[in-house]
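To start, the structure under review is shown below, and the notes come after it.
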Amino acid sequence: MSLKKINTVLAATFVLFILWFGMEFILSPETVAPTFGLPSWPSGDGGGFLVVKGVRDVVMALVLGVLLVTGHRRALGWALLVEALAAYGDMANVLAHHGSVGTALGVHGLTATLMVVNGLLILRETRKAATATATPLPQPA
């Protein structure tokens, strides 16, 4: 299997995973919130922040999906790198609020790291194409 196919499968998996997880936070936050890793449920109207997290995830998935479907692979690589920061942020949030270390590292940290790897692989895959289009052709004298 070629590097491009592996990268495409990984990126599509991220799109579907992030979209599914985001929709879960929008449709049934009380069910999925305990799996996030934080030690307590938000009080009062704090549950609305779970929906905000869901909307963030859905938008992130749609950005990746659009770049994947339209073939903007170099932009897809960069978007994966940038969006990994959200997962690292989730990891830091869980750790800072004395949540589950296992979930922080095993879910959020691992997801972020795999997104970085996928982004870097896509950038590596597209490096030659980007260099070739940036290099001007010699002009005949």
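Within each chain, counting starts at residue 1; across the structure tokens, chains are named A, B, ... in the order shown, with ligands numbered 1 upward in that order.
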
Mind dumping a table of every region 4-84 of chain A residue within 12 Å of region 93-100 of chain A, with the nearest atom pair and its distance in Å to one decimal, using only C-alpha atoms, sorted by chain and rising number, as a tab-separated table?
residue	atom	partner	partner_atom	distance
A:Ala33	CA	A:Val94	CA	12.0
A:Pro34	CA	A:Ser100	CA	10.3
A:Thr35	CA	A:Ser100	CA	9.5
A:Phe36	CA	A:Val94	CA	7.9
A:Gly37	CA	A:Ser100	CA	5.0
A:Leu38	CA	A:Gly99	CA	4.4
A:Pro39	CA	A:Gly99	CA	4.9
A:Ser40	CA	A:Gly99	CA	8.4
A:Trp41	CA	A:Gly99	CA	11.3

Just write the chosen residues, C-alpha atoms, as a tab-separated table (two decimals), in the first residue's frame.
chain	number	residue	atom	x	y	z
A	33	ALA	CA	-19.05	13.34	29.09
A	34	PRO	CA	-17.78	10.78	31.63
A	35	THR	CA	-15.48	9.32	28.95
A	36	PHE	CA	-13.73	12.69	28.49
A	37	GLY	CA	-11.64	12.12	31.61
A	38	LEU	CA	-12.69	14.97	33.88
A	39	PRO	CA	-13.49	14.05	37.49
A	40	SER	CA	-16.88	15.76	37.78
A	41	TRP	CA	-19.92	16.73	35.77

Problem set entry | Near-Met91 (chain A) list (6 Å; only C-alpha atoms; drop same-chain fewer than 4 positions) as a ChimeraX atom specification | /A:104,108-109

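You will find CA of Gly71 (chain A) at 28.4 Å from CA of Val107 (chain A).
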
For this session: Give the alpha helix (DSSP H) residues of chain A, as assigned by DSSP on the backbone, as a ChimeraX atom specification.
Result: /A:3-27,29-32,48-70,73-96,101-103,110-134

All residues 10 Å or closer to Val51 (chain A), only C-alpha atoms, same chain fewer than 4 positions away omitted, as a short mmCIF file (atom, residue, chain, number, x, y, z; two decimals) with C-alpha atoms, in the first residue's frame:
data_model
loop_
_atom_site.label_atom_id
_atom_site.label_comp_id
_atom_site.auth_asym_id
_atom_site.auth_seq_id
_atom_site.Cartn_x
_atom_site.Cartn_y
_atom_site.Cartn_z
CA GLY A 22 -18.48 15.66 18.25
CA MET A 23 -22.01 14.54 17.37
CA GLU A 24 -22.11 12.47 20.56
CA PHE A 25 -21.30 15.58 22.61
CA ILE A 26 -24.06 17.51 20.82
CA LEU A 27 -26.76 14.82 20.92
CA SER A 28 -26.13 13.14 24.28
CA PRO A 29 -23.50 15.00 26.31
CA GLY A 46 -22.10 24.15 32.66
CA GLY A 47 -23.42 21.29 30.55
CA VAL A 55 -19.61 21.80 17.87
CA ARG A 56 -15.83 22.43 17.91
CA ASP A 57 -15.17 18.77 17.07
#

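Closest approach to Leu76 (chain A) from the set A:Leu3, A:Leu50, A:Leu123, A:Val9 is made by A:Leu123, with distances taken over only C-alpha atoms.
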
Problem set entry | One-decimal distance in Å that lies between CA of Asn118 (chain A) and CA of Lys5 (chain A) | 11.7 Å

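Interatomic distance, CA of Val63 (chain A) against CA of Ala79 (chain A): 8.0 Å.
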
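When only C-alpha atoms are used to compute distances to Glu83 (chain A), the closest of the residues A:Thr103, A:Ser2, A:Thr70, A:Thr111 turns out to be A:Thr111.
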
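Ranking A:Ile18, A:Leu121, A:Ile6, A:Val69 by their shortest atom-to-atom distance to Ala86 (chain A), with only C-alpha atoms included, puts A:Ile18 first.
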
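Using only C-alpha atoms for every distance, the candidate list A:Ala11, A:Ala92, A:Met1, A:Leu68 yields A:Ala11 as the residue closest to Leu114 (chain A).
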